[in-house]
Structures are given as structure tokens and as C-alpha cells.
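Structure file final-v9.cif (mmCIF, C-alpha atoms and all ligand atoms) follows.
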```cif
data_structure
loop_
_atom_site.label_atom_id
_atom_site.label_comp_id
_atom_site.auth_asym_id
_atom_site.auth_seq_id
_atom_site.Cartn_x
_atom_site.Cartn_y
_atom_site.Cartn_z
CA MET A 1 -18.30 -13.15 -23.14
CA ASP A 2 -15.76 -11.08 -21.21
CA LYS A 3 -18.45 -9.98 -18.79
CA ASN A 4 -19.62 -13.53 -18.58
CA TRP A 5 -16.24 -14.64 -17.22
CA ILE A 6 -16.46 -11.93 -14.58
CA LEU A 7 -19.94 -13.00 -13.44
CA ARG A 8 -18.93 -16.63 -13.36
CA ASP A 9 -15.85 -15.72 -11.34
CA LEU A 10 -17.85 -13.61 -8.91
CA ALA A 11 -20.31 -16.47 -8.41
CA THR A 12 -17.66 -19.09 -7.64
CA ILE A 13 -14.26 -17.81 -6.62
CA TRP A 14 -12.80 -16.46 -3.38
CA HIS A 15 -9.86 -14.20 -4.22
CA PRO A 16 -6.83 -13.52 -2.00
CA PHE A 17 -6.46 -10.30 -0.01
CA THR A 18 -9.75 -9.11 -1.54
CA GLN A 19 -12.78 -7.55 0.12
CA ALA A 20 -15.47 -9.04 -2.11
CA LEU A 21 -18.01 -6.37 -1.14
CA THR A 22 -16.02 -3.41 -2.35
CA ALA A 23 -13.31 -4.73 -4.66
CA PRO A 24 -13.61 -4.00 -8.36
CA PRO A 25 -14.36 -7.13 -10.40
CA PRO A 26 -11.29 -9.13 -11.42
CA ILE A 27 -9.77 -8.57 -14.84
CA PRO A 28 -10.29 -11.70 -16.92
CA ILE A 29 -7.01 -12.48 -18.68
CA VAL A 30 -7.11 -15.11 -21.40
CA ARG A 31 -3.64 -14.98 -22.91
CA ALA A 32 -0.30 -13.26 -22.50
CA LYS A 33 2.89 -12.71 -24.43
CA GLY A 34 6.14 -11.01 -23.43
CA ALA A 35 5.31 -8.39 -20.81
CA THR A 36 1.67 -8.03 -21.90
CA LEU A 37 -1.52 -9.62 -20.62
CA TYR A 38 -4.63 -9.66 -22.84
CA SER A 39 -8.29 -9.80 -21.88
CA GLU A 40 -10.76 -11.71 -24.00
CA THR A 41 -12.05 -8.55 -25.58
CA GLY A 42 -8.50 -7.64 -26.55
CA GLU A 43 -7.54 -5.05 -23.92
CA ALA A 44 -3.80 -5.16 -23.33
CA TYR A 45 -2.20 -4.62 -19.93
CA LEU A 46 1.52 -4.21 -19.41
CA ASP A 47 2.45 -6.53 -16.57
CA ALA A 48 4.67 -4.12 -14.65
CA ILE A 49 4.81 -6.36 -11.57
CA SER A 50 5.65 -9.69 -13.22
CA SER A 51 2.38 -11.26 -12.04
CA TRP A 52 3.22 -11.15 -8.33
CA TRP A 53 6.95 -11.12 -8.99
CA VAL A 54 7.20 -14.53 -10.63
CA ASN A 55 7.69 -13.83 -14.32
CA LEU A 56 11.29 -13.44 -15.46
CA HIS A 57 11.51 -13.89 -19.21
CA GLY A 58 8.03 -12.95 -20.42
CA HIS A 59 4.69 -14.69 -20.45
CA ALA A 60 4.16 -17.93 -22.37
CA HIS A 61 7.87 -18.06 -23.23
CA PRO A 62 8.25 -20.84 -25.81
CA VAL A 63 11.46 -22.27 -24.29
CA ILE A 64 9.78 -22.90 -20.94
CA ALA A 65 6.41 -23.89 -22.48
CA ASN A 66 8.13 -26.48 -24.69
CA ALA A 67 10.22 -27.83 -21.83
CA ILE A 68 7.04 -28.41 -19.79
CA ALA A 69 5.24 -29.99 -22.76
CA ARG A 70 8.15 -32.36 -23.45
CA GLN A 71 8.37 -33.31 -19.78
CA ALA A 72 4.60 -33.90 -19.58
CA GLU A 73 4.91 -36.57 -22.26
CA ILE A 74 7.71 -38.37 -20.41
CA LEU A 75 6.93 -38.12 -16.70
CA GLU A 76 4.38 -35.72 -15.20
CA HIS A 77 4.77 -36.58 -11.52
CA VAL A 78 6.29 -39.08 -9.19
CA LEU A 79 6.29 -39.11 -5.40
CA PHE A 80 9.52 -37.70 -3.97
CA GLY A 81 9.54 -39.91 -0.89
CA GLY A 82 11.59 -42.89 -2.00
CA CYS A 83 11.71 -41.87 -5.70
CA THR A 84 13.66 -39.30 -7.64
CA HIS A 85 13.89 -38.14 -11.26
CA PRO A 86 16.41 -36.52 -13.60
CA GLN A 87 14.87 -33.01 -13.74
CA ALA A 88 15.00 -32.56 -9.95
CA ILE A 89 18.55 -33.91 -9.77
CA LEU A 90 19.74 -31.78 -12.65
CA TYR A 91 18.19 -28.64 -11.24
CA ALA A 92 19.62 -29.27 -7.76
CA GLU A 93 23.08 -29.80 -9.24
CA ARG A 94 22.83 -26.60 -11.24
CA LEU A 95 21.58 -24.52 -8.30
CA LEU A 96 24.32 -25.83 -6.04
CA ALA A 97 26.94 -25.10 -8.69
CA LEU A 98 25.72 -21.48 -8.68
CA LEU A 99 25.58 -21.41 -4.87
CA PRO A 100 28.53 -23.56 -3.81
CA GLU A 101 28.23 -22.68 -0.09
CA TYR A 102 25.17 -24.93 -0.01
CA SER A 103 25.12 -28.65 -0.58
CA ARG A 104 21.47 -29.76 -0.22
CA VAL A 105 18.22 -28.74 -1.92
CA PHE A 106 14.87 -29.42 -0.27
CA TYR A 107 12.02 -28.85 -2.70
CA SER A 108 8.53 -27.59 -1.90
CA ASP A 109 5.74 -25.69 -3.67
CA ASN A 110 5.77 -21.96 -2.90
CA GLY A 111 7.45 -19.19 -0.97
CA SER A 112 5.62 -19.90 2.28
CA THR A 113 6.52 -23.58 2.23
CA ALA A 114 10.16 -22.75 1.45
CA ILE A 115 10.11 -20.70 4.68
CA GLU A 116 8.22 -23.34 6.70
CA THR A 117 10.82 -25.86 5.57
CA ALA A 118 13.71 -23.65 6.72
CA LEU A 119 12.05 -22.96 10.08
CA LYS A 120 11.31 -26.61 10.72
CA MET A 121 14.88 -27.54 9.75
CA VAL A 122 16.37 -25.18 12.32
CA PHE A 123 13.80 -26.04 15.01
CA GLN A 124 14.33 -29.77 14.60
CA ALA A 125 18.12 -29.46 14.32
CA SER A 126 18.49 -27.26 17.40
CA GLY A 127 16.10 -29.32 19.49
CA GLU A 128 15.48 -26.31 21.78
CA ALA A 129 12.37 -24.12 21.80
CA LYS A 130 14.12 -20.85 21.11
CA THR A 131 12.71 -17.68 19.56
CA LEU A 132 13.01 -16.27 16.05
CA LEU A 133 14.48 -12.89 15.32
CA SER A 134 13.12 -10.96 12.35
CA PHE A 135 12.68 -7.46 10.99
CA GLU A 136 9.63 -5.32 11.64
CA GLY A 137 7.52 -5.05 8.48
CA ALA A 138 8.79 -8.38 7.16
CA TYR A 139 6.66 -10.62 5.00
CA HIS A 140 7.54 -14.30 4.68
CA GLY A 141 4.21 -15.78 3.54
CA ASP A 142 0.81 -16.75 4.84
CA THR A 143 1.26 -20.12 6.51
CA PHE A 144 1.52 -20.05 10.30
CA GLY A 145 5.28 -20.45 10.57
CA ALA A 146 5.86 -17.83 7.89
CA MET A 147 3.37 -15.44 9.53
CA SER A 148 4.92 -16.01 12.95
CA ALA A 149 8.39 -15.36 11.56
CA ALA A 150 7.26 -11.97 10.26
CA GLY A 151 5.96 -10.99 13.70
CA LYS A 152 2.72 -9.12 14.23
CA THR A 153 1.94 -7.16 11.06
CA HIS A 154 -1.19 -5.72 9.47
CA PHE A 155 -1.18 -8.66 7.03
CA ASN A 156 -1.68 -11.21 9.81
CA ARG A 157 -3.74 -9.20 12.35
CA PRO A 158 -6.62 -11.74 12.75
CA PHE A 159 -4.13 -14.50 13.53
CA TRP A 160 -2.04 -12.80 16.22
CA PRO A 161 -3.38 -14.99 19.04
CA TYR A 162 -2.27 -18.10 17.18
CA LEU A 163 1.26 -17.07 16.14
CA PHE A 164 4.33 -18.35 17.93
CA GLU A 165 6.65 -15.80 19.43
CA ALA A 166 9.20 -13.87 17.41
CA VAL A 167 11.29 -10.85 18.35
CA SER A 168 10.93 -8.07 15.78
CA ILE A 169 13.58 -5.39 15.48
CA PRO A 170 13.73 -2.35 13.17
CA PRO A 171 15.44 -3.22 9.87
CA PRO A 172 18.79 -1.48 9.25
CA PHE A 173 17.24 1.24 7.07
CA PHE A 174 19.76 3.70 5.71
CA GLY A 175 20.20 6.48 8.23
CA ARG A 176 18.67 4.37 11.00
CA GLU A 177 21.33 1.67 11.28
CA GLU A 178 22.21 2.49 14.91
CA GLU A 179 18.64 1.88 16.14
CA SER A 180 18.58 -1.45 14.36
CA TRP A 181 21.98 -2.56 15.65
CA VAL A 182 21.13 -1.66 19.26
CA ALA A 183 17.90 -3.70 19.04
CA PHE A 184 19.77 -6.56 17.38
CA GLU A 185 22.45 -6.68 20.09
CA ARG A 186 19.83 -6.54 22.83
CA ALA A 187 17.93 -9.44 21.28
CA ILE A 188 21.10 -11.52 20.86
CA ARG A 189 22.21 -10.80 24.44
CA SER A 190 18.90 -12.16 25.77
CA GLY A 191 20.10 -15.65 24.83
CA ARG A 192 16.59 -16.50 23.58
CA ILE A 193 17.25 -16.28 19.84
CA GLY A 194 17.60 -19.55 17.92
CA ALA A 195 17.36 -18.23 14.35
CA PHE A 196 17.43 -14.95 12.46
CA ILE A 197 15.29 -14.65 9.31
CA PHE A 198 15.37 -11.75 6.86
CA GLU A 199 14.63 -10.59 3.33
CA PRO A 200 18.07 -9.54 2.08
CA LEU A 201 18.57 -5.89 1.05
CA ILE A 202 14.90 -5.08 0.42
CA GLN A 203 11.61 -5.81 2.17
CA GLY A 204 9.05 -6.69 -0.49
CA ALA A 205 5.42 -6.74 0.63
CA GLY A 206 6.41 -4.62 3.64
CA GLY A 207 6.76 -1.62 1.31
CA MET A 208 9.74 -2.22 -1.03
CA ARG A 209 12.13 -0.65 1.46
CA LEU A 210 15.88 -0.96 1.06
CA HIS A 211 18.28 -1.44 3.92
CA SER A 212 21.99 -1.58 4.57
CA ASP A 213 23.79 -4.62 3.22
CA ASP A 214 26.85 -3.87 5.40
CA LEU A 215 24.90 -3.95 8.63
CA LEU A 216 22.89 -6.98 7.57
CA ALA A 217 26.17 -8.77 6.79
CA LYS A 218 27.46 -7.83 10.26
CA MET A 219 24.29 -9.28 11.82
CA VAL A 220 24.68 -12.53 9.88
CA ARG A 221 28.35 -12.76 10.93
CA THR A 222 27.42 -12.12 14.58
CA CYS A 223 24.77 -14.84 14.46
CA ARG A 224 27.32 -17.25 13.02
CA GLU A 225 29.74 -16.48 15.90
CA LYS A 226 26.98 -17.03 18.46
CA GLY A 227 25.70 -20.27 16.91
CA ILE A 228 22.39 -18.71 15.82
CA PHE A 229 20.97 -20.04 12.53
CA THR A 230 20.45 -17.53 9.73
CA ILE A 231 17.74 -17.84 7.07
CA ALA A 232 17.67 -15.68 3.94
CA ASP A 233 14.26 -15.29 2.35
CA GLU A 234 15.18 -14.75 -1.30
CA VAL A 235 11.68 -15.64 -2.46
CA MET A 236 11.32 -12.22 -4.10
CA THR A 237 14.96 -11.20 -4.54
CA GLY A 238 16.21 -14.44 -6.12
CA PHE A 239 16.95 -15.03 -9.79
CA GLY A 240 18.26 -11.60 -10.68
CA ARG A 241 15.59 -9.21 -9.38
CA THR A 242 18.12 -7.10 -7.51
CA GLY A 243 20.75 -7.30 -10.27
CA PRO A 244 23.02 -10.23 -9.32
CA LEU A 245 21.46 -13.69 -9.40
CA PHE A 246 20.99 -13.72 -5.64
CA ALA A 247 20.84 -10.69 -3.32
CA CYS A 248 22.91 -12.45 -0.64
CA SER A 249 25.92 -12.35 -2.93
CA ARG A 250 26.25 -8.71 -1.83
CA LEU A 251 26.63 -9.69 1.82
CA GLY A 252 29.95 -11.48 1.50
CA ILE A 253 28.61 -14.18 3.83
CA TRP A 254 26.07 -16.85 3.00
CA PRO A 255 23.32 -17.53 5.58
CA ASP A 256 22.79 -21.11 6.73
CA LEU A 257 19.60 -21.46 4.70
CA LEU A 258 18.44 -19.82 1.49
CA CYS A 259 14.75 -19.89 0.47
CA LEU A 260 13.82 -19.57 -3.20
CA SER A 261 10.52 -19.61 -5.09
CA LYS A 262 8.59 -17.04 -7.22
CA GLY A 263 10.91 -16.65 -10.27
CA ILE A 264 12.25 -20.19 -9.96
CA THR A 265 10.16 -21.55 -12.87
CA GLY A 266 10.09 -18.24 -14.74
CA GLY A 267 6.51 -17.87 -13.51
CA PHE A 268 5.10 -21.05 -15.06
CA LEU A 269 4.54 -23.49 -12.21
CA PRO A 270 4.61 -23.48 -8.42
CA LEU A 271 7.94 -24.66 -7.06
CA ALA A 272 10.29 -23.72 -4.24
CA ALA A 273 13.68 -24.73 -2.95
CA THR A 274 15.23 -24.41 0.49
CA LEU A 275 19.01 -24.69 0.26
CA ALA A 276 20.99 -25.93 3.25
CA LYS A 277 24.63 -26.35 4.08
CA GLU A 278 26.13 -29.80 4.65
CA GLU A 279 26.56 -29.15 8.38
CA LEU A 280 22.83 -28.71 8.85
CA PHE A 281 22.04 -31.73 6.69
CA ASN A 282 24.45 -33.78 8.81
CA ALA A 283 22.57 -32.84 11.98
CA PHE A 284 19.75 -35.08 10.72
CA ILE A 285 21.96 -38.07 9.94
CA SER A 286 21.47 -40.82 12.50
CA PRO A 287 20.61 -44.53 12.72
CA ASP A 288 17.36 -43.37 14.33
CA PRO A 289 14.61 -42.94 11.67
CA LYS A 290 12.86 -40.39 13.92
CA ARG A 291 15.84 -38.05 13.48
CA ALA A 292 15.05 -37.70 9.75
CA PHE A 293 13.67 -34.31 8.72
CA LEU A 294 9.96 -34.73 9.33
CA HIS A 295 8.51 -32.64 6.55
CA GLY A 296 7.32 -33.05 2.95
CA HIS A 297 4.81 -31.97 0.32
CA THR A 298 2.94 -34.06 -2.25
CA TYR A 299 4.10 -32.06 -5.26
CA MET A 300 7.60 -31.29 -3.98
CA GLY A 301 10.18 -31.37 -6.76
CA SER A 302 7.47 -31.95 -9.36
CA PRO A 303 9.04 -33.07 -12.68
CA LEU A 304 7.04 -30.44 -14.56
CA GLY A 305 8.09 -27.68 -12.15
CA CYS A 306 11.73 -28.77 -12.28
CA ALA A 307 11.64 -28.95 -16.10
CA ALA A 308 10.32 -25.37 -16.11
CA ALA A 309 13.01 -24.36 -13.60
CA ASN A 310 15.78 -25.88 -15.73
CA ALA A 311 14.48 -24.10 -18.84
CA SER A 312 14.11 -20.81 -16.96
CA LEU A 313 17.66 -21.16 -15.65
CA ASP A 314 18.95 -21.72 -19.20
CA LEU A 315 17.41 -18.35 -20.14
CA LEU A 316 18.55 -16.65 -16.95
CA LEU A 317 22.17 -17.62 -17.53
CA LEU A 318 22.29 -16.20 -21.05
CA PRO A 319 24.40 -13.02 -21.28
CA GLU A 320 21.38 -11.32 -22.90
CA CYS A 321 19.41 -11.75 -19.68
CA GLU A 322 22.06 -10.02 -17.57
CA GLU A 323 22.19 -7.28 -20.17
CA ALA A 324 18.40 -6.90 -20.09
CA ARG A 325 18.47 -6.59 -16.29
CA GLY A 326 21.21 -3.98 -16.57
CA LYS A 327 19.16 -1.98 -19.07
CA ILE A 328 16.11 -1.98 -16.79
CA GLU A 329 18.23 -0.76 -13.88
CA PHE A 330 19.78 1.93 -16.07
CA SER A 331 16.32 3.20 -17.10
CA HIS A 332 15.05 3.08 -13.52
CA ARG A 333 18.07 5.11 -12.38
CA ARG A 334 17.42 7.74 -15.03
CA VAL A 335 13.87 8.38 -13.78
CA GLN A 336 15.04 8.10 -10.20
CA LYS A 337 17.32 11.10 -10.82
CA GLU A 338 14.44 12.96 -12.40
CA TRP A 339 11.97 12.30 -9.59
CA GLU A 340 14.24 12.44 -6.55
CA GLY A 341 13.29 15.38 -4.39
CA HIS A 342 9.86 15.71 -6.04
CA PRO A 343 7.50 17.31 -3.50
CA LYS A 344 4.88 14.58 -4.06
CA LEU A 345 7.36 11.80 -3.19
CA SER A 346 9.08 10.97 0.06
CA ARG A 347 11.49 8.53 -1.62
CA VAL A 348 12.49 7.02 -4.95
CA ASP A 349 14.53 3.83 -4.65
CA VAL A 350 16.11 1.53 -7.19
CA LEU A 351 17.58 -1.88 -6.56
CA GLY A 352 18.40 -3.81 -9.72
CA THR A 353 15.19 -4.23 -11.70
CA ILE A 354 13.01 -2.86 -8.88
CA LEU A 355 11.87 0.77 -8.79
CA ALA A 356 9.93 1.95 -5.71
CA LEU A 357 8.29 5.31 -5.09
CA GLU A 358 6.60 6.43 -1.93
CA TYR A 359 3.92 9.12 -2.30
CA ARG A 360 3.62 11.65 0.51
CA VAL A 361 0.32 11.10 2.32
CA ASP A 362 -1.08 12.00 5.73
CA ALA A 363 -1.40 8.41 6.91
CA ALA A 364 1.02 6.04 5.19
CA SER A 365 -0.41 2.52 5.27
CA TYR A 366 -1.20 -0.50 3.13
CA TYR A 367 -4.85 0.56 3.24
CA ASN A 368 -4.26 4.14 2.13
CA PRO A 369 -6.98 5.03 -0.43
CA LEU A 370 -4.29 6.25 -2.84
CA LYS A 371 -3.70 2.55 -3.56
CA SER A 372 -6.95 2.08 -5.49
CA ARG A 373 -6.81 5.52 -7.09
CA LEU A 374 -3.36 4.68 -8.46
CA SER A 375 -4.20 1.17 -9.64
CA ASP A 376 -7.40 2.37 -11.37
CA PHE A 377 -5.48 5.13 -13.11
CA PHE A 378 -2.74 2.77 -14.34
CA LEU A 379 -5.31 0.26 -15.57
CA SER A 380 -6.96 3.04 -17.56
CA ARG A 381 -3.52 3.51 -19.18
CA GLY A 382 -3.21 -0.23 -19.91
CA ILE A 383 -0.68 -0.89 -17.13
CA LEU A 384 -1.06 -3.43 -14.35
CA LEU A 385 0.44 -2.15 -11.12
CA ARG A 386 -0.53 -3.09 -7.59
CA PRO A 387 0.62 -0.43 -5.13
CA LEU A 388 1.34 -1.36 -1.54
CA GLY A 389 -0.76 1.44 -0.04
CA ASN A 390 1.03 4.66 -0.91
CA VAL A 391 4.10 2.79 -2.21
CA LEU A 392 4.18 2.21 -5.93
CA TYR A 393 6.72 -0.17 -7.38
CA VAL A 394 7.67 -1.39 -10.83
CA LEU A 395 9.12 -4.89 -10.99
CA PRO A 396 8.89 -5.95 -14.63
CA PRO A 397 9.75 -9.14 -16.50
CA TYR A 398 13.31 -8.90 -17.84
CA CYS A 399 12.01 -9.00 -21.43
CA ILE A 400 10.30 -5.63 -21.04
CA GLN A 401 11.19 -3.21 -23.84
CA GLU A 402 12.42 0.36 -23.45
CA GLU A 403 9.19 1.78 -24.99
CA GLU A 404 7.14 -0.25 -22.52
CA LEU A 405 9.15 1.10 -19.60
CA GLU A 406 8.71 4.60 -21.01
CA LYS A 407 4.96 4.07 -21.09
CA ILE A 408 5.04 3.15 -17.39
CA TYR A 409 7.29 6.08 -16.43
CA SER A 410 5.18 8.53 -18.37
CA ALA A 411 2.00 7.36 -16.61
CA ILE A 412 3.80 7.69 -13.26
CA SER A 413 4.86 11.22 -14.22
CA GLU A 414 1.19 12.06 -14.75
CA THR A 415 0.37 10.98 -11.20
CA LEU A 416 2.98 13.42 -9.92
CA GLU A 417 0.87 16.24 -11.37
CA TRP A 418 -2.22 15.26 -9.37
C1 LIG A 501 9.84 -12.36 0.58
C2 LIG A 501 8.69 -13.30 0.47
N1 LIG A 501 8.71 -14.45 1.15
C3 LIG A 501 7.71 -15.34 1.07
C4 LIG A 501 6.60 -15.09 0.28
C5 LIG A 501 5.48 -16.09 0.22
O1 LIG A 501 5.45 -16.68 -1.04
P1 LIG A 501 4.13 -17.45 -1.54
O2 LIG A 501 3.11 -16.40 -1.78
O3 LIG A 501 4.57 -18.13 -2.79
O4 LIG A 501 3.75 -18.39 -0.48
C6 LIG A 501 6.53 -13.91 -0.43
C7 LIG A 501 5.35 -13.59 -1.24
O5 LIG A 501 5.13 -12.49 -1.69
C8 LIG A 501 7.60 -12.98 -0.34
O6 LIG A 501 7.60 -11.82 -1.00
#
```
Mind turning the file's structure into C-alpha cells?
Amino acid sequence: MDKNWILRDLATIWHPFTQALTAPPPIPIVRAKGATLYSETGEAYLDAISSWWVNLHGHAHPVIANAIARQAEILEHVLFGGCTHPQAILYAERLLALLPEYSRVFYSDNGSTAIETALKMVFQASGEAKTLLSFEGAYHGDTFGAMSAAGKTHFNRPFWPYLFEAVSIPPPFFGREEESWVAFERAIRSGRIGAFIFEPLIQGAGGMRLHSDDLLAKMVRTCREKGIFTIADEVMTGFGRTGPLFACSRLGIWPDLLCLSKGITGGFLPLAATLAKEELFNAFISPDPKRAFLHGHTYMGSPLGCAAANASLDLLLLPECEEARGKIEFSHRRVQKEWEGHPKLSRVDVLGTILALEYRVDAASYYNPLKSRLSDFFLSRGILLRPLGNVLYVLPPYCIQEEELEKIYSAISETLEW
């Protein structure tokens, strides 16, 4: 039966970022609980990457599952143009209470659409065709605006001719802040920059690389002084991944727009939110209907998604959740100390619940063959990890237990003996 699912998948489905000719067949998962995924034949896989960074509290969590079920019996969906509903209002009120610098929530479906929304807000508000500024190696999603914002990267190579222009500067990596600041100042001086977009503190898909919060904060402050919009992409970092609820809280300045998705529903349903300040919202207020923000999505603010988001937020705000995040960070830091300076590794980084290791290789890249060797090895140990080339990261659901983390660390230790 298990095999049957694989054959039926291979006959019908086109998977993302997957070379169908050479990729191993997909792993058919039929149920999940806590941090573990199960195949139909009963193999268990520890989900060490929170199913593409979305799961916060564990799979099939009853609080969220019940909230969705209850909502489905009351109101499953209603159009958001001209209608509203209690779950969306409640969730917006709660988010804004946590993030009081913002006063408006624009819902959409996923990380890319949260970014598209932010870009279109600043483009329409400014009314001038200015350029975006972003960090080299950024990843903001796969729609055209999100790809353009990231600049030309290996993820979007076939689409380069179709992207709009963005200026990419080196991120303020620790030890390389000067290079980044010089490039930033040069870009700002050109007078061409209309908005600055960044993943705060850590670049996710670009290789889980940390950078200086101080210098990033200085860049955001400079943009504010020069009237340049700032957009924080907290699609990965939001909802506690880096320790505090939102990574931008470490900057001491809140960007004009904050994009959230991934963990927003605890990993149950697609939903996203772009948060804006009142000043930006006011730029769209006019007797002229054409000045309204011209953007929307069919399932934006879906009642089911918002019910899941409210339930996930209930769990996130429990003291136990903060404690669980603290414990993960503590464990990560312990192995970081152990592995730092290991000849097989060029870096070991920890930021909140995220642990990242970079293996020394001749040609570091997303396509480095170490990627599949590592993922095959971890699968054979019952662990689901998805290295970014020669960068391995662990980004677990907050419910992960100490023994489960130990199992992951011990498998990683084995790879250091290769
Ligand atoms: C920082 C960041 N922004 C945006 C996205 C795009 O999100 P989605 O895949 O939900 O469109 C991702 C996805 O990995 C991301 O990591």
C-alpha cells in the first residue's frame, strides 16, 4: 500500500524544487503527532525542520484541530471584500496588541503573497517607480515581486529576464559589517531606492546565515530619516523562532511593514498577514475609489485559517511555550560549544530555536552533493532534515523533547566522523 501511494504520486504530482528524473521518491506520510511524522507502514520520522518551518506546537495539535473543526461548523469561508467575520477581527486585534507600532492587518495566503502585498503597498503609496534595496542571498518567495525583491539568485535563475530591478548589497554579516554599510550608503546616496526589504537577523533559505542586528537597526533608522520604506520579512522568523515572538523586537525600531506567515496557524492552514502602520494606511484614504489599495486574494483572512491562528496564538502565549523555546536554545548552545572549531565545520550558529551548521566543502552551494548524502543519512536514522546544500539546520517544533533533540544531535555527530 505504501508503495502504491508512491507510484500514484509519481504518476500524477509535480513536486516543488524537485528534479523528477533523479529525485528519490517522496516519503508518503499518513499521520503525525508531536514532532513525529509516520508513514503508512509505520516508519517514524522526527520532523526536525517543522515541515518547512510552519509547525510550532506539534503536528495534529488537538487545540488547533478542535478550533478548526468548531469553526468549520459555524462559518467555513466568506469573501473578505465587503464582508468580515469575528475570527479575522479577533486575530487582527490580538496581533496588533502584541505589535502596537502597527495599526492595520492585511491578510493573504502565504509568505510570498505577504511580501507581494507589502511591495504593492509601498509602490502604490509612493507613486514613483523607484528601486528596491535588498540583501544578497535573500529569499522572499517565488512569486514575481518576491523573486524580484530577492535579486538575482540561484533559486530564480530561469526568471532573471522577467524580474524587475532591485539593488542587492552584502548583508551585514558579523565581521563584514563595513562592506555592507559602504554598499548600503552608496545605494541610498543614488536616490533611486524606494524601499528596503530584509529578513531580520537571519537569512533563511539563503543558508541560515546570521547578521548584525545593530547594523540592520542603523540601516532601518537611516531609511526612516530618508523617507525610504522598510519591509521586514518575518515569514520564517515570526512567532518565536528566534527566541522572542518577533525578531524585529531586537532592532529597537519597527520597520514600516511586517510580513508574517509560516507559523501563523501553527502549521495547519495557509494564511499570511502584512502589518502596516497607520501613516501608510492613511496614504490610501481618499474620496477617489481608485486610490484604494488594489490588491486581494480569494481566501484572504479565511475563517478557518484565522481560527487556527487564534488557537495557535493561545498556545504560543502560554509561559510553557516560552520555556520550551528557551530549552531548545539551551540544548542547541550546548552542542554549539561542543562542535565549534570542529575541522569538518566552517561555522555553527544558534539563534533561538534555530541551529545551523556549515560543512567545509570545496564548492559551497545549494546544489552541493553533500545535501543528498546528508538527507539520506538522516532519513536512515528516522530524522527528516533538508539541508540547504552544505548547510544543515535544525528548526524543530517547540514541543520537541530533549531525547528527540539528542537523537538529532547524535546523528549529526556521526556525520562529523565521515
Ligand atoms: C523569509 C521567507 N519569506 C518568504 C517566503 C515565502 O513563503 P511561501 O513559501 O509561503 O510563499 C519564505 C519561504 O520559505 C521565507 O523563508
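In this structure, atom CA of A:His57 sits 12.7 Å away from atom CA of A:Lys262.
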* To do: Please identify the residues whose atoms come within 6 Å of ligand LIG 501 (chain A), using all atoms listed in the file, and report them as a VMD selection string.
  => chain A and resid 110 to 112 139 to 141 199 204 to 205 233 235 to 236
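The list of residues with at least one atom within 9 Å of A:Leu392, based on only C-alpha atoms and without residues fewer than 2 positions apart in the same chain, reads Gly207, Met208, Leu355, Ala356, Leu357, Glu358, Tyr359, Lys371, Leu374, Leu385, Arg386, Pro387, Leu388, Gly389, Asn390 and Val394 of chain A.
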* To do: Excluding A:Glu234 and any residue of its chain fewer than 5 positions from it, enumerate the residues within 9 Å of it, using all atoms listed in the file, and give them as a ChimeraX atom specification.
  => /A:111,198-200,239,246-248,258-261
So that I have them on file, write out the residues from the current selection with C-alpha atoms, as a PDB file, keeping the file's coordinate frame.
```pdb
ATOM      1  CA  GLY A 111       7.450 -19.190  -0.970  1.00  0.00           C
ATOM      2  CA  PHE A 198      15.370 -11.750   6.860  1.00  0.00           C
ATOM      3  CA  GLU A 199      14.630 -10.590   3.330  1.00  0.00           C
ATOM      4  CA  PRO A 200      18.070  -9.540   2.080  1.00  0.00           C
ATOM      5  CA  PHE A 239      16.950 -15.030  -9.790  1.00  0.00           C
ATOM      6  CA  PHE A 246      20.990 -13.720  -5.640  1.00  0.00           C
ATOM      7  CA  ALA A 247      20.840 -10.690  -3.320  1.00  0.00           C
ATOM      8  CA  CYS A 248      22.910 -12.450  -0.640  1.00  0.00           C
ATOM      9  CA  LEU A 258      18.440 -19.820   1.490  1.00  0.00           C
ATOM     10  CA  CYS A 259      14.750 -19.890   0.470  1.00  0.00           C
ATOM     11  CA  LEU A 260      13.820 -19.570  -3.200  1.00  0.00           C
ATOM     12  CA  SER A 261      10.520 -19.610  -5.090  1.00  0.00           C
TER      13      SER A 261
END
```
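Nearest residue to A:Gly81, choosing from A:Thr353, A:Ser372, A:Asn4, A:Thr298 and counting only C-alpha atoms: A:Thr298.
Nearest residue to A:Val182, choosing from A:Met219, A:Cys399, A:Ala60, A:Ile285 and counting all atoms listed in the file: A:Met219.
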* To do: Find, counting only C-alpha atoms, the residue in A:Glu101, A:Glu414, A:Asp256, A:Glu165 that gets nearest to A:Arg221.
  => A:Asp256
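Residue nearest A:Phe281 within the list A:Ile64, A:Leu269, A:Leu395, A:Ala118: A:Ala118 [criterion: smallest interatomic distance, only C-alpha atoms].
The space separating atom CA of A:Glu225 from atom CA of A:His211 comes to 22.4 Å.
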Leaving out A:Phe173 and any residue of its chain fewer than 3 positions from it, which residues lie within 12 Å of it when counting only C-alpha atoms, given as a PDB file with C-alpha atoms, in the coordinates of the input?
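Saved as out_29.pdb:
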```pdb
ATOM      1  CA  PHE A 135      12.680  -7.460  10.990  1.00  0.00           C
ATOM      2  CA  GLU A 136       9.630  -5.320  11.640  1.00  0.00           C
ATOM      3  CA  GLY A 137       7.520  -5.050   8.480  1.00  0.00           C
ATOM      4  CA  ILE A 169      13.580  -5.390  15.480  1.00  0.00           C
ATOM      5  CA  PRO A 170      13.730  -2.350  13.170  1.00  0.00           C
ATOM      6  CA  ARG A 176      18.670   4.370  11.000  1.00  0.00           C
ATOM      7  CA  GLU A 177      21.330   1.670  11.280  1.00  0.00           C
ATOM      8  CA  GLU A 178      22.210   2.490  14.910  1.00  0.00           C
ATOM      9  CA  GLU A 179      18.640   1.880  16.140  1.00  0.00           C
ATOM     10  CA  SER A 180      18.580  -1.450  14.360  1.00  0.00           C
ATOM     11  CA  TRP A 181      21.980  -2.560  15.650  1.00  0.00           C
ATOM     12  CA  PRO A 200      18.070  -9.540   2.080  1.00  0.00           C
ATOM     13  CA  LEU A 201      18.570  -5.890   1.050  1.00  0.00           C
ATOM     14  CA  ILE A 202      14.900  -5.080   0.420  1.00  0.00           C
ATOM     15  CA  GLN A 203      11.610  -5.810   2.170  1.00  0.00           C
ATOM     16  CA  MET A 208       9.740  -2.220  -1.030  1.00  0.00           C
ATOM     17  CA  ARG A 209      12.130  -0.650   1.460  1.00  0.00           C
ATOM     18  CA  LEU A 210      15.880  -0.960   1.060  1.00  0.00           C
ATOM     19  CA  HIS A 211      18.280  -1.440   3.920  1.00  0.00           C
ATOM     20  CA  SER A 212      21.990  -1.580   4.570  1.00  0.00           C
ATOM     21  CA  ASP A 213      23.790  -4.620   3.220  1.00  0.00           C
ATOM     22  CA  ASP A 214      26.850  -3.870   5.400  1.00  0.00           C
ATOM     23  CA  LEU A 215      24.900  -3.950   8.630  1.00  0.00           C
ATOM     24  CA  LEU A 216      22.890  -6.980   7.570  1.00  0.00           C
TER      25      LEU A 216
END
```
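When atom CA of A:Arg94 is paired with atom CA of A:Thr265, their separation reads 13.7 Å.
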